[in-house]
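This is my_file_15.cif (mmCIF, C-alpha atoms).
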data_coords
loop_
_atom_site.label_atom_id
_atom_site.label_comp_id
_atom_site.auth_asym_id
_atom_site.auth_seq_id
_atom_site.Cartn_x
_atom_site.Cartn_y
_atom_site.Cartn_z
CA MET A 1 0.00 0.00 0.00
CA LYS A 2 1.23 3.45 -0.90
CA TYR A 3 0.56 6.59 1.10
CA ILE A 4 1.34 10.24 0.58
CA LEU A 5 2.36 11.94 3.80
CA GLU A 6 2.10 15.72 3.69
CA ILE A 7 4.34 16.74 6.58
CA TRP A 8 4.86 20.23 7.97
CA ARG A 9 8.53 21.16 7.85
CA GLN A 10 9.88 24.13 9.82
CA LYS A 11 13.42 24.45 11.12
CA SER A 12 12.61 26.77 14.02
CA ILE A 13 9.97 29.13 15.37
CA ASP A 14 11.76 32.04 13.67
CA GLU A 15 11.59 30.53 10.19
CA LYS A 16 8.67 30.00 7.86
CA GLY A 17 7.46 26.48 7.28
CA ASP A 18 5.56 24.59 4.62
CA PHE A 19 4.31 21.12 3.77
CA ARG A 20 6.55 18.59 2.04
CA LYS A 21 5.20 15.39 0.53
CA TYR A 22 6.75 11.99 1.18
CA LEU A 23 5.91 8.61 -0.28
CA TYR A 24 5.50 5.85 2.27
CA GLU A 25 4.94 2.20 1.39
CA THR A 26 3.99 -0.61 3.74
CA ASP A 27 2.27 -4.00 3.72
CA SER A 28 1.08 -3.63 7.30
CA GLU A 29 -2.61 -2.87 7.82
CA SER A 30 -1.82 -1.80 11.38
CA ALA A 31 0.70 0.86 10.35
CA THR A 32 0.31 4.17 12.15
CA VAL A 33 1.51 7.70 11.51
CA ALA A 34 4.09 7.16 14.26
CA SER A 35 5.48 4.00 12.68
CA ALA A 36 5.59 5.76 9.30
CA LEU A 37 7.52 8.73 10.71
CA ALA A 38 9.94 6.40 12.48
CA GLU A 39 10.56 4.39 9.30
CA LEU A 40 11.06 7.49 7.16
CA ASN A 41 13.65 8.79 9.64
CA SER A 42 15.44 5.44 9.64
CA LYS A 43 16.44 5.85 6.00
CA ALA A 44 20.07 6.71 5.29
CA GLU A 45 18.80 9.59 3.15
CA LEU A 46 15.32 11.00 3.58
CA THR A 47 13.92 12.21 0.26
CA ASP A 48 10.60 13.84 -0.50
CA ILE A 49 8.24 12.77 -3.28
CA ASN A 50 10.31 14.76 -5.80
CA GLY A 51 13.53 12.99 -4.82
CA GLU A 52 14.98 15.97 -2.97
CA ILE A 53 17.03 15.11 0.11
CA THR A 54 15.61 16.65 3.29
CA ASP A 55 16.55 16.74 6.96
CA LYS A 56 15.15 14.10 9.29
CA ILE A 57 11.68 14.88 10.61
CA ALA A 58 11.65 16.37 14.11
CA TRP A 59 8.91 14.86 16.26
CA GLU A 60 8.48 13.39 19.72
CA CYS A 61 7.64 9.86 20.80
CA SER A 62 8.20 7.62 23.78
CA CYS A 63 5.98 4.65 24.60
CA MET A 64 4.34 4.26 21.15
CA GLN A 65 1.42 2.65 23.00
CA LYS A 66 -0.95 5.60 23.67
CA LYS A 67 0.22 5.92 27.27
CA CYS A 68 2.51 8.98 27.35
CA GLY A 69 0.99 11.59 25.04
CA ALA A 70 4.38 12.64 23.62
CA CYS A 71 3.41 12.14 19.97
CA ALA A 72 0.41 14.49 19.97
CA MET A 73 0.01 16.32 16.66
CA VAL A 74 -2.68 17.34 14.18
CA ILE A 75 -3.47 14.66 11.63
CA ASN A 76 -5.92 15.44 8.83
CA GLY A 77 -7.18 18.39 10.84
CA ARG A 78 -7.75 16.53 14.10
CA PRO A 79 -5.45 16.59 17.14
CA CYS A 80 -4.56 13.04 18.17
CA LEU A 81 -1.67 10.75 19.00
CA ALA A 82 0.44 9.63 16.06
CA CYS A 83 0.80 6.16 17.58
CA ASP A 84 -3.00 5.80 17.51
CA ALA A 85 -3.62 7.18 14.00
CA LYS A 86 -3.96 4.30 11.54
CA LEU A 87 -2.83 4.89 7.97
CA TYR A 88 -5.38 2.63 6.28
CA GLU A 89 -8.14 5.16 6.87
CA ASN A 90 -6.67 7.59 4.28
CA LYS A 91 -4.30 7.37 1.32
CA THR A 92 -3.17 10.96 1.81
CA ILE A 93 -2.36 12.08 5.34
CA ARG A 94 -1.65 15.68 6.31
CA ILE A 95 0.52 15.90 9.42
CA GLU A 96 1.22 19.15 11.26
CA PRO A 97 2.15 20.27 14.77
CA LEU A 98 -0.21 21.41 17.50
CA ARG A 99 -0.71 25.13 16.84
CA LYS A 100 -1.49 26.32 20.38
CA PHE A 101 2.14 25.87 21.41
CA PRO A 102 5.45 27.34 20.17
CA ILE A 103 7.06 25.24 17.44
CA ILE A 104 10.51 23.90 18.21
CA ALA A 105 10.95 22.24 14.80
CA ASP A 106 8.68 20.44 12.34
CA LEU A 107 6.13 18.47 14.41
CA MET A 108 7.80 19.15 17.76
CA VAL A 109 6.31 21.83 20.00
CA ASN A 110 7.06 23.26 23.44
CA ARG A 111 4.25 22.26 25.81
CA ASP A 112 5.88 23.57 28.98
CA ILE A 113 2.90 25.88 29.55
CA ILE A 114 0.77 22.85 30.45
CA PHE A 115 3.02 21.90 33.33
CA ASP A 116 3.69 25.51 34.30
CA ASN A 117 -0.07 25.99 34.71
CA LEU A 118 -0.35 22.92 36.93
CA SER A 119 2.46 24.33 39.06
CA ARG A 120 0.75 27.73 39.29
CA MET A 121 -2.46 26.07 40.48
CA LYS A 122 -0.47 23.87 42.88
CA VAL A 123 -2.17 20.75 41.57
CA TRP A 124 -0.70 18.30 44.03
CA SER A 125 -1.47 16.94 47.45
CA GLU A 126 0.91 16.75 50.37
CA LYS A 127 -1.22 14.00 51.90
CA GLU A 128 -2.13 10.55 50.64
CA LEU A 129 -5.46 10.47 48.82
CA ILE A 130 -7.70 7.56 49.75
CA ALA A 131 -10.83 7.39 47.62
CA VAL A 132 -14.03 6.02 49.06
CA ASP A 133 -16.09 3.78 46.81
CA GLU A 134 -18.44 6.48 45.53
CA LYS A 135 -15.47 8.59 44.41
CA ASN A 136 -13.35 5.88 42.83
CA ASP A 137 -14.82 6.27 39.34
CA ILE A 138 -14.18 10.03 39.24
CA MET A 139 -10.62 9.75 40.52
CA TYR A 140 -9.80 6.92 38.13
CA GLU A 141 -11.29 8.81 35.19
CA ALA A 142 -9.15 11.86 35.96
CA SER A 143 -5.98 9.83 36.50
CA ARG A 144 -5.95 8.77 32.84
CA CYS A 145 -5.00 12.26 31.58
CA LEU A 146 -1.78 12.19 29.51
CA GLN A 147 -1.23 15.97 29.46
CA CYS A 148 -0.85 15.67 25.69
CA GLY A 149 -2.52 19.00 24.85
CA CYS A 150 -5.05 17.69 22.32
CA CYS A 151 -7.95 19.20 24.26
CA LEU A 152 -6.23 22.60 24.35
CA GLU A 153 -5.66 22.53 20.60
CA VAL A 154 -9.40 22.62 19.86
CA CYS A 155 -10.41 24.91 22.73
CA PRO A 156 -11.59 28.38 21.58
CA ASN A 157 -10.90 29.83 25.04
CA PHE A 158 -7.36 28.57 25.62
CA VAL A 159 -4.42 30.77 24.70
CA SER A 160 -0.92 29.86 25.83
CA GLY A 161 -0.08 32.18 28.71
CA GLY A 162 -3.71 33.26 29.16
CA ARG A 163 -5.85 33.25 32.31
CA PHE A 164 -7.84 30.15 31.31
CA PHE A 165 -5.77 27.03 31.89
CA GLY A 166 -7.99 24.60 30.00
CA MET A 167 -9.01 20.99 30.44
CA SER A 168 -5.44 19.75 30.91
CA ALA A 169 -5.51 21.61 34.24
CA MET A 170 -9.15 20.85 35.00
CA VAL A 171 -8.80 17.07 34.82
CA PRO A 172 -6.01 16.56 37.42
CA SER A 173 -7.60 19.27 39.56
CA SER A 174 -10.88 17.38 39.56
CA ARG A 175 -9.09 14.30 40.86
CA LEU A 176 -7.73 16.24 43.82
CA LEU A 177 -10.98 18.09 44.48
CA THR A 178 -12.70 14.72 44.64
CA GLY A 179 -10.17 13.06 46.95
CA MET A 180 -9.08 15.89 49.25
CA ASN A 181 -11.00 16.99 52.32
CA LYS A 182 -12.55 20.46 52.25
CA GLY A 183 -9.87 22.10 54.37
CA ASP A 184 -6.96 20.84 52.30
CA ALA A 185 -8.73 21.73 49.04
CA HIS A 186 -9.34 25.38 49.94
CA ASP A 187 -6.56 26.89 47.81
CA LEU A 188 -7.17 24.55 44.89
CA ARG A 189 -10.90 25.37 44.86
CA LYS A 190 -10.00 29.05 44.71
CA GLN A 191 -7.61 28.54 41.80
CA PHE A 192 -10.10 26.27 40.05
CA GLY A 193 -12.70 29.02 40.14
CA LYS A 194 -10.30 31.61 38.72
CA LYS A 195 -8.38 29.53 36.18
CA ILE A 196 -11.02 27.04 35.02
CA THR A 197 -14.64 27.90 35.86
CA ASP A 198 -14.40 31.62 35.04
CA GLY A 199 -12.69 31.03 31.69
CA CYS A 200 -14.49 28.03 30.20
CA GLY A 201 -17.14 29.04 27.65
CA LYS A 202 -18.74 25.56 27.87
CA SER A 203 -18.48 25.08 24.11
CA PHE A 204 -17.04 21.62 24.85
CA ALA A 205 -15.08 21.62 21.60
CA CYS A 206 -12.86 19.19 23.52
CA ARG A 207 -15.67 16.63 23.64
CA ASN A 208 -14.53 13.30 22.12
CA ILE A 209 -11.01 14.65 21.48
CA CYS A 210 -9.26 13.05 24.46
CA PRO A 211 -7.09 10.12 23.22
CA THR A 212 -7.88 8.11 26.36
CA GLY A 213 -11.62 8.86 26.20
CA ILE A 214 -11.90 10.85 29.44
CA ASP A 215 -15.47 12.06 30.05
CA ILE A 216 -14.54 15.74 30.37
CA GLU A 217 -18.11 16.97 30.77
CA LYS A 218 -18.69 14.65 33.72
CA LEU A 219 -15.52 15.77 35.49
CA MET A 220 -16.23 19.41 34.78
CA ALA A 221 -19.75 19.20 36.15
CA ARG A 222 -18.60 17.47 39.35
CA SER A 223 -15.73 19.90 39.92
CA ASP A 224 -17.79 23.01 39.15
CA ALA A 225 -20.41 21.82 41.60
CA ALA A 226 -17.82 21.41 44.37
CA VAL A 227 -16.41 24.89 43.78
CA LEU A 228 -19.76 26.63 43.44
CA TRP A 229 -21.20 25.01 46.56
CA SER A 230 -18.21 26.33 48.50
CA PHE A 231 -18.92 29.78 47.09
CA PHE A 232 -22.58 29.79 48.04
CA LEU A 233 -21.78 28.51 51.52
CA GLY A 234 -19.75 31.60 52.19
CA ASN A 235 -16.22 30.85 51.01
CA ARG A 236 -15.67 33.76 48.59
CA PHE A 237 -13.10 32.14 46.32
CA PHE A 238 -13.79 34.28 43.26
CA GLU A 239 -12.95 37.65 44.78
#
Let me see the structure of the file written as structure tokens.
Amino acid sequence: MKYILEIWRQKSIDEKGDFRKYLYETDSESATVASALAELNSKAELTDINGEITDKIAWECSCMQKKCGACAMVINGRPCLACDAKLYENKTIRIEPLRKFPIIADLMVNRDIIFDNLSRMKVWSEKELIAVDEKNDIMYEASRCLQCGCCLEVCPNFVSGGRFFGMSAMVPSSRLLTGMNKGDAHDLRKQFGKKITDGCGKSFACRNICPTGIDIEKLMARSDAAVLWSFFLGNRFFE
């Protein structure tokens, strides 16, 4: 089977980029975008469809098993993981980087803002979290977040460096809000109100985008309820 891979090539954030086409052939019906990129880069000389020698393709990967989120990119207009994007679905595949983050090179972007935002919200617990049965499903759901950035890519409200931190901050926060007692969660509830609740337009463009299938609406509803109840009971966290 022959595929045309239209890959975004850009040497650095300061240079202009464009798409270059590459021919990729495989007999495997389970071939993915990730396996194709890895095989193209394994060639002694990487040439485009016109036979011109090009640099190796810059991209990130780690587990190749949809567990780390490193290979997040935009494939045929949809943010997803390259290791989970099967080639057989299309004969021509357009591959480009996530656009909400600064480009390092080609398909590689700097997603430090995701982890910086978690640090700003202090999304961690200094005590062991022990979930009771009725909270297990929420905490497990939230624990599956890969911090890949796919949800942020489609969000109309998220801007890197902006006040709204997006679903990548909401999901781990919801896990802590569910498992922490009210006293320990005071600061996190306050930050959740300012950085998540106040900024989310509830468009839910992130619905069905999560590579691990996290039910974002369910987590958002539960977390918003916890924060808002605290507000109405007299804890003025949004001041």
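Take the PyMOL selection byres ((chain A and resi 188) around 8) and apply it to this file: it picks Met121, Lys122, Val123, Ser173, Leu177, Ala185, His186, Asp187, Arg189, Lys190, Gln191 and Phe192 of chain A.
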Include C-alpha atoms and write out the residues we just selected as a CSV table (one decimal), in the frame of the given file.
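Output below, filename again07.csv:
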chain,number,residue,atom,x,y,z
A,121,MET,CA,-2.5,26.1,40.5
A,122,LYS,CA,-0.5,23.9,42.9
A,123,VAL,CA,-2.2,20.8,41.6
A,173,SER,CA,-7.6,19.3,39.6
A,177,LEU,CA,-11.0,18.1,44.5
A,185,ALA,CA,-8.7,21.7,49.0
A,186,HIS,CA,-9.3,25.4,49.9
A,187,ASP,CA,-6.6,26.9,47.8
A,189,ARG,CA,-10.9,25.4,44.9
A,190,LYS,CA,-10.0,29.0,44.7
A,191,GLN,CA,-7.6,28.5,41.8
A,192,PHE,CA,-10.1,26.3,40.0
**Report entry** For Cys61 in chain A, the nearest of the candidates A:Cys206, A:Ile95, A:Cys148, A:Ile7, counting all atoms listed in the file
**Finding:**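 Closest to Cys61 in chain A of all the choices is A:Cys148.
Residue nearest Ser160 in chain A, chosen from A:Glu126, A:Glu60, A:Asp116, A:Glu15 and counting all atoms listed in the file: A:Asp116.
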Closest-contact table, range 69-175 of chain A side, partner range 29-47 of chain A, 8 Å, counting all atoms listed in the file, as JSON lines:
{"residue": "A:Cys71", "atom": "CA", "partner": "A:Ala34", "partner_atom": "CA", "distance": 7.6}
{"residue": "A:Ala82", "atom": "CA", "partner": "A:Ala34", "partner_atom": "CA", "distance": 4.8}
{"residue": "A:Cys83", "atom": "CA", "partner": "A:Ala34", "partner_atom": "CA", "distance": 4.8}
{"residue": "A:Asp84", "atom": "CA", "partner": "A:Thr32", "partner_atom": "CA", "distance": 6.5}
{"residue": "A:Ala85", "atom": "CA", "partner": "A:Thr32", "partner_atom": "CA", "distance": 5.3}
{"residue": "A:Lys86", "atom": "CA", "partner": "A:Thr32", "partner_atom": "CA", "distance": 4.3}
{"residue": "A:Leu87", "atom": "CA", "partner": "A:Thr32", "partner_atom": "CA", "distance": 5.3}
{"residue": "A:Tyr88", "atom": "CA", "partner": "A:Glu29", "partner_atom": "CA", "distance": 6.3}
**Report entry** Sphere at (-1.1, 19.7, 10.3), radius 12 Å, counting only C-alpha atoms: residues as a ChimeraX atom specification
**Finding:** /A:5-10,17-20,72-80,82,93-99,106-108,153
Query raised in the report: Which neighbours of Lys127 in chain A fall inside 12 Å, counting all atoms listed in the file, when residues of the same chain fewer than 4 positions from it are skipped, and could you give them as a list in words?
Result: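 Those residues are Leu176, Gly179, Met180, Asn181, Asp184 and Ala185 of chain A.
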Query - Atom pair CA of Gly183 in chain A / CA of Arg120 in chain A: separation (Å) - result: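 Going from CA of Gly183 in chain A over to CA of Arg120 in chain A covers 19.3 Å.
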**Report entry** Residue nearest Pro211 in chain A - candidates A:Lys67, A:Lys194, A:Arg175, A:Arg163, atoms counted: only C-alpha atoms
**Finding:** A:Lys67
Requested in this report: Find the distance between CA of Lys21 in chain A and CA of Ile104 in chain A and write it in Å to one decimal.
Outcome: 20.3 Å
Report task. Expand the PyMOL selection byres ((chain A and resi 215) around 12) into the individual residues it matches in the shown file, reporting them as a PyMOL selection string. Result -> chain A and resi 137-145+151+167+170-171+174+204+206-214+216-222
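One distance worth recording is that between CA of Lys91 in chain A and CA of Val154 in chain A, which is 24.5 Å.
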Query raised in the report: Which residues come within 9 Å of Gly166 in chain A, counting only C-alpha atoms, excluding same-chain residues fewer than 3 positions away, as a ChimeraX atom specification?
Result: /A:114,151-152,155,157-159,169-171,195-196,199-200
Report as AutoDock Vina command-line options the centre and the edge lengths, in Å to one decimal, of the axis-aligned box holding every listed atom of range 175-186 of chain A, padded by 4 Å on each side.
--center_x -9.8 --center_y 19.2 --center_z 47.6 --size_x 13.7 --size_y 20.3 --size_z 21.5
Report task. With only C-alpha atoms counted, which protein, DNA or RNA residues have an atom no more than 7 Å from (-0.6, 9.2, -1.4) in the file frame? Please answer as number ranges by chain. Result -> A: 2-5, 23, 91-92
